[in-house]
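target.pdb follows (PDB, C-alpha atoms):
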```pdb
MODEL        1
ATOM      1  CA  ILE A 130      -0.341-120.333  19.968  1.00  0.00           C
ATOM      2  CA  ILE A 131      -2.628-119.648  22.933  1.00  0.00           C
ATOM      3  CA  LEU A 132      -0.983-116.267  23.511  1.00  0.00           C
ATOM      4  CA  VAL A 133      -1.670-115.257  19.894  1.00  0.00           C
ATOM      5  CA  VAL A 134      -5.374-116.079  20.289  1.00  0.00           C
ATOM      6  CA  VAL A 135      -5.641-114.033  23.503  1.00  0.00           C
ATOM      7  CA  VAL A 136      -3.887-111.063  21.864  1.00  0.00           C
ATOM      8  CA  LEU A 137      -6.166-111.234  18.799  1.00  0.00           C
ATOM      9  CA  CYS A 138      -9.279-111.327  21.021  1.00  0.00           C
ATOM     10  CA  ALA A 139      -8.053-108.303  22.971  1.00  0.00           C
ATOM     11  CA  VAL A 140      -7.317-106.392  19.752  1.00  0.00           C
ATOM     12  CA  GLY A 141     -10.814-107.205  18.414  1.00  0.00           C
ATOM     13  CA  ALA A 142     -12.526-105.360  21.285  1.00  0.00           C
ATOM     14  CA  GLN A 143     -12.408-101.647  20.489  1.00  0.00           C
ATOM     15  CA  ALA A 144     -13.432 -98.775  22.772  1.00  0.00           C
ATOM     16  CA  GLY A 145     -16.647 -98.128  20.793  1.00  0.00           C
ATOM     17  CA  ASP A 146     -17.768-101.768  20.741  1.00  0.00           C
ATOM     18  CA  PRO A 147     -20.752-102.780  22.866  1.00  0.00           C
ATOM     19  CA  ALA A 148     -19.917-104.596  26.104  1.00  0.00           C
ATOM     20  CA  PRO A 149     -19.874-108.404  25.818  1.00  0.00           C
ATOM     21  CA  GLY A 150     -23.431-109.723  25.798  1.00  0.00           C
ATOM     22  CA  VAL A 151     -24.897-106.293  24.930  1.00  0.00           C
ATOM     23  CA  ASP A 152     -26.177-106.029  21.370  1.00  0.00           C
ATOM     24  CA  ALA A 153     -26.274-102.720  19.518  1.00  0.00           C
ATOM     25  CA  PRO A 154     -29.725-102.032  18.068  1.00  0.00           C
ATOM     26  CA  ALA A 155     -30.127-103.154  14.463  1.00  0.00           C
ATOM     27  CA  VAL A 156     -30.256-100.393  11.849  1.00  0.00           C
ATOM     28  CA  THR A 157     -32.376-101.029   8.755  1.00  0.00           C
ATOM     29  CA  VAL A 158     -34.075 -99.073   6.001  1.00  0.00           C
ATOM     30  CA  PRO A 159     -37.027-101.146   4.708  1.00  0.00           C
ATOM     31  CA  THR A 160     -37.641-100.663   0.970  1.00  0.00           C
ATOM     32  CA  PHE A 161     -40.845-102.556  -0.058  1.00  0.00           C
ATOM     33  CA  ALA A 162     -39.320-102.743  -3.545  1.00  0.00           C
ATOM     34  CA  ASN A 163     -40.778-104.323  -6.669  1.00  0.00           C
ATOM     35  CA  ASN A 164     -38.568-107.125  -8.063  1.00  0.00           C
ATOM     36  CA  ASN A 165     -38.738-106.266 -11.756  1.00  0.00           C
ATOM     37  CA  CYS A 166     -38.746-103.008 -13.657  1.00  0.00           C
ATOM     38  CA  PRO A 167     -42.312-102.292 -14.833  1.00  0.00           C
ATOM     39  CA  ILE A 168     -41.030-100.908 -18.140  1.00  0.00           C
ATOM     40  CA  MET A 169     -38.387-103.391 -19.325  1.00  0.00           C
ATOM     41  CA  GLY A 170     -39.145-106.356 -17.078  1.00  0.00           C
ATOM     42  CA  LYS A 171     -35.495-106.649 -16.012  1.00  0.00           C
ATOM     43  CA  LYS A 172     -34.394-106.942 -12.379  1.00  0.00           C
ATOM     44  CA  ALA A 173     -35.001-103.624 -10.603  1.00  0.00           C
ATOM     45  CA  SER A 174     -32.166-101.821  -8.791  1.00  0.00           C
ATOM     46  CA  LEU A 175     -32.663-100.627  -5.210  1.00  0.00           C
ATOM     47  CA  LYS A 176     -30.664 -97.516  -6.133  1.00  0.00           C
ATOM     48  CA  LEU A 177     -32.948 -96.480  -9.004  1.00  0.00           C
ATOM     49  CA  PHE A 178     -36.523 -95.432  -8.340  1.00  0.00           C
ATOM     50  CA  VAL A 179     -39.146 -92.802  -9.057  1.00  0.00           C
ATOM     51  CA  ASP A 180     -41.357 -91.403  -6.301  1.00  0.00           C
ATOM     52  CA  THR A 181     -44.984 -91.383  -7.484  1.00  0.00           C
ATOM     53  CA  PRO A 182     -48.370 -90.768  -5.819  1.00  0.00           C
ATOM     54  CA  LYS A 183     -48.431 -94.550  -5.217  1.00  0.00           C
ATOM     55  CA  GLY A 184     -44.996 -94.704  -3.624  1.00  0.00           C
ATOM     56  CA  ARG A 185     -41.654 -95.691  -5.065  1.00  0.00           C
ATOM     57  CA  ILE A 186     -41.350 -97.635  -8.265  1.00  0.00           C
ATOM     58  CA  TYR A 187     -37.943 -99.228  -8.688  1.00  0.00           C
ATOM     59  CA  MET A 188     -36.500 -99.594 -12.189  1.00  0.00           C
ATOM     60  CA  CYS A 189     -33.613-101.236 -14.028  1.00  0.00           C
ATOM     61  CA  CYS A 190     -32.085 -98.109 -15.593  1.00  0.00           C
ATOM     62  CA  VAL A 191     -32.433 -94.331 -15.668  1.00  0.00           C
ATOM     63  CA  LYS A 192     -34.100 -94.448 -19.104  1.00  0.00           C
ATOM     64  CA  CYS A 193     -37.228 -96.029 -17.574  1.00  0.00           C
ATOM     65  CA  ALA A 194     -37.918 -93.031 -15.318  1.00  0.00           C
ATOM     66  CA  LYS A 195     -39.543 -91.042 -18.131  1.00  0.00           C
ATOM     67  CA  GLU A 196     -42.016 -93.838 -18.905  1.00  0.00           C
ATOM     68  CA  ILE A 197     -42.865 -94.304 -15.217  1.00  0.00           C
ATOM     69  CA  ARG A 198     -43.530 -90.578 -14.781  1.00  0.00           C
ATOM     70  CA  LYS A 199     -45.658 -90.535 -17.949  1.00  0.00           C
ATOM     71  CA  ASP A 200     -48.101 -93.135 -16.551  1.00  0.00           C
ATOM     72  CA  PRO A 201     -47.434 -93.879 -12.867  1.00  0.00           C
ATOM     73  CA  ASP A 202     -50.710 -95.811 -12.407  1.00  0.00           C
ATOM     74  CA  ARG A 203     -49.832 -98.225 -15.202  1.00  0.00           C
ATOM     75  CA  ALA A 204     -46.241 -98.553 -13.929  1.00  0.00           C
ATOM     76  CA  HIS A 205     -47.493 -99.255 -10.402  1.00  0.00           C
ATOM     77  CA  ALA A 206     -49.901-101.928 -11.672  1.00  0.00           C
ATOM     78  CA  ALA A 207     -47.020-103.647 -13.500  1.00  0.00           C
ATOM     79  CA  ALA A 208     -44.579-103.272 -10.588  1.00  0.00           C
ATOM     80  CA  TYR A 209     -47.044-104.353  -7.890  1.00  0.00           C
ATOM     81  CA  PRO A 210     -49.648-106.600  -9.586  1.00  0.00           C
ATOM     82  CA  LYS A 211     -51.114-107.778  -6.267  1.00  0.00           C
ATOM     83  CA  ILE A 212     -52.516-105.344  -3.708  1.00  0.00           C
ATOM     84  CA  GLU A 213     -52.362-106.521  -0.103  1.00  0.00           C
ATOM     85  CA  ARG A 214     -54.428-104.822   2.598  1.00  0.00           C
ATOM     86  CA  ALA A 215     -52.298-103.662   5.510  1.00  0.00           C
ATOM     87  CA  THR A 216     -53.619-104.716   8.917  1.00  0.00           C
ATOM     88  CA  ASN A 217     -52.706-101.548  10.804  1.00  0.00           C
ATOM     89  CA  THR A 218     -55.226-100.548  13.497  1.00  0.00           C
ATOM     90  CA  VAL A 219     -53.893 -97.017  13.911  1.00  0.00           C
ATOM     91  CA  CYS A 220     -53.328 -94.351  11.278  1.00  0.00           C
ATOM     92  CA  PRO A 221     -49.675 -94.273  10.148  1.00  0.00           C
ATOM     93  CA  VAL A 222     -49.911 -90.483   9.842  1.00  0.00           C
ATOM     94  CA  THR A 223     -51.619 -89.381  13.080  1.00  0.00           C
ATOM     95  CA  GLY A 224     -51.516 -92.467  15.307  1.00  0.00           C
ATOM     96  CA  GLU A 225     -55.300 -92.262  15.789  1.00  0.00           C
ATOM     97  CA  ALA A 226     -57.510 -95.361  15.663  1.00  0.00           C
ATOM     98  CA  ILE A 227     -58.783 -96.468  12.255  1.00  0.00           C
ATOM     99  CA  PRO A 228     -62.599 -96.114  12.002  1.00  0.00           C
ATOM    100  CA  GLU A 229     -64.413 -99.454  11.984  1.00  0.00           C
ATOM    101  CA  LYS A 230     -66.468 -98.494   8.918  1.00  0.00           C
ATOM    102  CA  ASP A 231     -65.633 -96.603   5.756  1.00  0.00           C
ATOM    103  CA  ALA A 232     -62.000 -95.861   6.592  1.00  0.00           C
ATOM    104  CA  PRO A 233     -60.271 -94.035   3.747  1.00  0.00           C
ATOM    105  CA  THR A 234     -57.278 -95.840   2.247  1.00  0.00           C
ATOM    106  CA  VAL A 235     -54.207 -95.071   0.213  1.00  0.00           C
ATOM    107  CA  ILE A 236     -52.425 -97.447  -2.186  1.00  0.00           C
ATOM    108  CA  LEU A 237     -48.647 -97.478  -1.769  1.00  0.00           C
ATOM    109  CA  GLN A 238     -46.284 -99.997  -3.341  1.00  0.00           C
ATOM    110  CA  GLY A 239     -48.700-102.899  -3.417  1.00  0.00           C
ATOM    111  CA  TYR A 240     -50.367-102.146  -0.066  1.00  0.00           C
ATOM    112  CA  GLU A 241     -53.805-100.718   0.593  1.00  0.00           C
ATOM    113  CA  ILE A 242     -53.329 -98.806   3.828  1.00  0.00           C
ATOM    114  CA  PRO A 243     -56.253 -97.697   6.019  1.00  0.00           C
ATOM    115  CA  LEU A 244     -56.093 -94.149   7.393  1.00  0.00           C
ATOM    116  CA  CYS A 245     -58.120 -92.341  10.050  1.00  0.00           C
ATOM    117  CA  CYS A 246     -59.391 -89.637   7.682  1.00  0.00           C
ATOM    118  CA  LYS A 247     -59.092 -88.261   4.147  1.00  0.00           C
ATOM    119  CA  ASP A 248     -56.898 -85.422   5.422  1.00  0.00           C
ATOM    120  CA  CYS A 249     -54.086 -87.966   5.957  1.00  0.00           C
ATOM    121  CA  VAL A 250     -53.892 -89.138   2.334  1.00  0.00           C
ATOM    122  CA  GLU A 251     -51.466 -86.455   1.157  1.00  0.00           C
ATOM    123  CA  ASP A 252     -49.122 -86.850   4.159  1.00  0.00           C
ATOM    124  CA  ALA A 253     -49.185 -90.641   3.726  1.00  0.00           C
ATOM    125  CA  ARG A 254     -48.078 -90.211   0.110  1.00  0.00           C
ATOM    126  CA  LYS A 255     -45.470 -87.555   0.909  1.00  0.00           C
ATOM    127  CA  ASN A 256     -43.757 -89.882   3.408  1.00  0.00           C
ATOM    128  CA  SER A 257     -44.663 -93.129   1.677  1.00  0.00           C
ATOM    129  CA  GLN A 258     -41.696 -95.104   2.992  1.00  0.00           C
ATOM    130  CA  ILE A 259     -42.375 -94.204   6.631  1.00  0.00           C
ATOM    131  CA  THR A 260     -46.099 -94.774   6.075  1.00  0.00           C
ATOM    132  CA  LEU A 261     -45.336 -98.283   4.804  1.00  0.00           C
ATOM    133  CA  VAL A 262     -43.117 -99.074   7.808  1.00  0.00           C
ATOM    134  CA  LYS A 263     -45.767 -97.921  10.282  1.00  0.00           C
ATOM    135  CA  ALA A 264     -48.584 -99.733   8.453  1.00  0.00           C
ATOM    136  CA  THR A 265     -46.732-103.055   8.192  1.00  0.00           C
ATOM    137  CA  ASN A 266     -44.804-103.115  11.481  1.00  0.00           C
ATOM    138  CA  PRO A 267     -47.055-102.598  14.531  1.00  0.00           C
ATOM    139  CA  LYS A 268     -43.976-102.290  16.787  1.00  0.00           C
ATOM    140  CA  ALA A 269     -42.494 -99.379  14.807  1.00  0.00           C
ATOM    141  CA  LYS A 270     -42.797 -96.021  16.506  1.00  0.00           C
ATOM    142  CA  ASP A 271     -41.768 -92.640  15.189  1.00  0.00           C
ATOM    143  CA  VAL A 272     -39.332 -90.789  17.440  1.00  0.00           C
ATOM    144  CA  GLY A 273     -40.741 -87.554  15.986  1.00  0.00           C
ATOM    145  CA  ASN A 274     -37.473 -85.662  15.573  1.00  0.00           C
ATOM    146  CA  LYS A 275     -37.710 -82.732  13.164  1.00  0.00           C
ATOM    147  CA  ALA A 276     -33.926 -82.248  12.994  1.00  0.00           C
ATOM    148  CA  CYS A 277     -31.434 -84.894  11.902  1.00  0.00           C
ATOM    149  CA  PRO A 278     -29.354 -86.395  14.734  1.00  0.00           C
ATOM    150  CA  ILE A 279     -26.354 -86.581  12.388  1.00  0.00           C
ATOM    151  CA  THR A 280     -26.323 -83.178  10.627  1.00  0.00           C
ATOM    152  CA  GLY A 281     -28.693 -81.067  12.727  1.00  0.00           C
ATOM    153  CA  LYS A 282     -30.498 -80.062   9.509  1.00  0.00           C
ATOM    154  CA  ALA A 283     -34.254 -80.428   8.941  1.00  0.00           C
ATOM    155  CA  VAL A 284     -35.545 -83.965   8.373  1.00  0.00           C
ATOM    156  CA  ALA A 285     -36.297 -84.702   4.692  1.00  0.00           C
ATOM    157  CA  PRO A 286     -39.327 -86.690   3.472  1.00  0.00           C
ATOM    158  CA  ASN A 287     -38.627 -90.435   3.268  1.00  0.00           C
ATOM    159  CA  ALA A 288     -35.119 -90.059   4.754  1.00  0.00           C
ATOM    160  CA  PHE A 289     -34.996 -92.278   7.835  1.00  0.00           C
ATOM    161  CA  ALA A 290     -33.440 -95.241   9.588  1.00  0.00           C
ATOM    162  CA  LEU A 291     -35.200 -97.840  11.677  1.00  0.00           C
ATOM    163  CA  ILE A 292     -33.102 -98.330  14.822  1.00  0.00           C
ATOM    164  CA  GLY A 293     -34.587-101.405  16.432  1.00  0.00           C
ATOM    165  CA  ASP A 294     -38.276-100.405  16.341  1.00  0.00           C
ATOM    166  CA  ASP A 295     -37.660 -96.627  16.444  1.00  0.00           C
ATOM    167  CA  ILE A 296     -38.099 -94.576  13.265  1.00  0.00           C
ATOM    168  CA  VAL A 297     -35.482 -91.815  13.244  1.00  0.00           C
ATOM    169  CA  GLY A 298     -35.857 -89.023  10.691  1.00  0.00           C
ATOM    170  CA  LEU A 299     -32.743 -87.957   8.795  1.00  0.00           C
ATOM    171  CA  SER A 300     -31.819 -84.983   6.615  1.00  0.00           C
ATOM    172  CA  SER A 301     -30.621 -87.285   3.824  1.00  0.00           C
ATOM    173  CA  PRO A 302     -30.470 -91.022   3.055  1.00  0.00           C
ATOM    174  CA  GLU A 303     -26.660 -90.676   3.107  1.00  0.00           C
ATOM    175  CA  CYS A 304     -26.855 -90.219   6.909  1.00  0.00           C
ATOM    176  CA  VAL A 305     -27.785 -93.901   7.354  1.00  0.00           C
ATOM    177  CA  GLU A 306     -24.103 -94.917   7.239  1.00  0.00           C
ATOM    178  CA  ALA A 307     -23.300 -92.558  10.130  1.00  0.00           C
ATOM    179  CA  VAL A 308     -26.261 -93.968  12.093  1.00  0.00           C
ATOM    180  CA  LYS A 309     -24.918 -97.509  11.579  1.00  0.00           C
ATOM    181  CA  LYS A 310     -21.581 -96.505  13.137  1.00  0.00           C
ATOM    182  CA  ASP A 311     -23.226 -95.642  16.469  1.00  0.00           C
ATOM    183  CA  PRO A 312     -26.970 -96.378  16.475  1.00  0.00           C
ATOM    184  CA  ALA A 313     -27.385 -95.895  20.230  1.00  0.00           C
ATOM    185  CA  ALA A 314     -25.914 -92.372  20.072  1.00  0.00           C
ATOM    186  CA  ALA A 315     -28.016 -91.474  17.010  1.00  0.00           C
ATOM    187  CA  LEU A 316     -31.203 -92.691  18.706  1.00  0.00           C
ATOM    188  CA  LYS A 317     -30.388 -90.823  21.925  1.00  0.00           C
ATOM    189  CA  LYS A 318     -29.716 -87.588  19.986  1.00  0.00           C
ATOM    190  CA  ALA A 319     -32.936 -88.006  17.944  1.00  0.00           C
ATOM    191  CA  LYS A 320     -34.967 -88.405  21.144  1.00  0.00           C
ATOM    192  CA  GLU A 321     -33.332 -85.286  22.591  1.00  0.00           C
ATOM    193  CA  LEU A 322     -34.193 -83.375  19.389  1.00  0.00           C
ATOM    194  CA  ALA A 323     -37.802 -84.598  19.538  1.00  0.00           C
TER     195      ALA A 323
ENDMDL
END
```

Please express what this file holds, its structure, as structure tokens.
Amino acid sequence: IILVVVVLCAVGAQAGDPAPGVDAPAVTVPTFANNNCPIMGKKASLKLFVDTPKGRIYMCCVKCAKEIRKDPDRAHAAAYPKIERATNTVCPVTGEAIPEKDAPTVILQGYEIPLCCKDCVEDARKNSQITLVKATNPKAKDVGNKACPITGKAVAPNAFALIGDDIVGLSSPECVEAVKKDPAAALKKAKELA
């Protein structure tokens, strides 16, 4: 019986596994999703959403997309009835300090996010998911890669993985699965590309 346990433990350790006691960095993709569809009130799916000027609005079915696009402000108000002010001290677009007075803001998925200047509003909206990560997680830092470490293609808006506290741009959300297989290699390649 003891021999079987030793053999099973040896089989469990593969060549690509981290050394004992060394943890691979966690790979996540934060969503900031609304719980219920703003059109039908049913549970929203993380796979179904519409990108709007106020970020992503998750829905229960494809039919709801048309109604969300027709009136995104109303859909946002129903999806995110409470607006919380983000406490970021640096602009999630430029990394510059937020002015003490009269800082412009952008509303994204239930968060009012301070920016350094009005010129950042459009970029904050274009990359709403990365903007939200940077505004809500002070440890998060953008690697700044313009090419995907998985495909080598150009990074797409809102396609990323958070490897530990590093934001790595990807060419497509489908690349996240490849990042999860070897996060250390993906992060190293992204830093080389940056």

- [ ] Tell me which of A:Leu316, A:Ala204, A:Ile242, A:Cys220 sits closest to A:Ile292, counting all atoms listed in the file.
- [x]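 For A:Ile292, the nearest of the given residues is A:Leu316.
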
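Minimum atom-to-atom distances from A:Leu299, A:Cys277, A:Met188, A:Ala215 to A:Ala173 were compared using all atoms listed in the file, and the lowest value belongs to A:Met188.
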
- [ ] Using the chain letters and numbering of this document, enumerate as a PyMOL selection string the residues selected by the PyMOL selection byres ((chain A and resi 305) around 12).
- [x] chain A and resi 155-158+277-280+288-292+296-304+306-312+315-316

TODO: For atom CA of A:Gly281 and atom CA of A:Glu251, quote the distance in Å rounded to one decimal.
DONE: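 One can read the atom CA of A:Gly281 to atom CA of A:Glu251 distance as 26.1 Å.
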
Sort by chain and increasing residue number a table of all residues of stretch 214-272 of chain A within 12 Å of stretch 207-210 of chain A, each with its closest pair of atoms and their distance in Å to one decimal, counting only C-alpha atoms, and write it as a tab-separated table.
```
residue	atom	partner	partner_atom	distance
A:Ile236	CA	A:Tyr209	CA	10.4
A:Leu237	CA	A:Tyr209	CA	9.3
A:Gln238	CA	A:Tyr209	CA	6.3
A:Gly239	CA	A:Tyr209	CA	5.0
A:Tyr240	CA	A:Tyr209	CA	8.8
A:Glu241	CA	A:Tyr209	CA	11.4
```

Could the centre and edge lengths of an axis-aligned box, enclosing all atoms of stretch 261-268 of chain A in the file with 6 Å extra on each side, be given in Å to one decimal as JSON?
```
{"center_x": -45.9, "center_y": -100.5, "center_z": 10.8, "size_x": 17.5, "size_y": 17.2, "size_z": 24.0}
```

Open item on the list: Using all atoms listed in the file, which protein or nucleic acid residues come within 9 Å of A:Lys275? Drop anything in the same chain fewer than 2 positions from it, and give the result as number ranges by chain.
Closed with: A: 273, 277, 282-285, 298-299, 319, 322-323
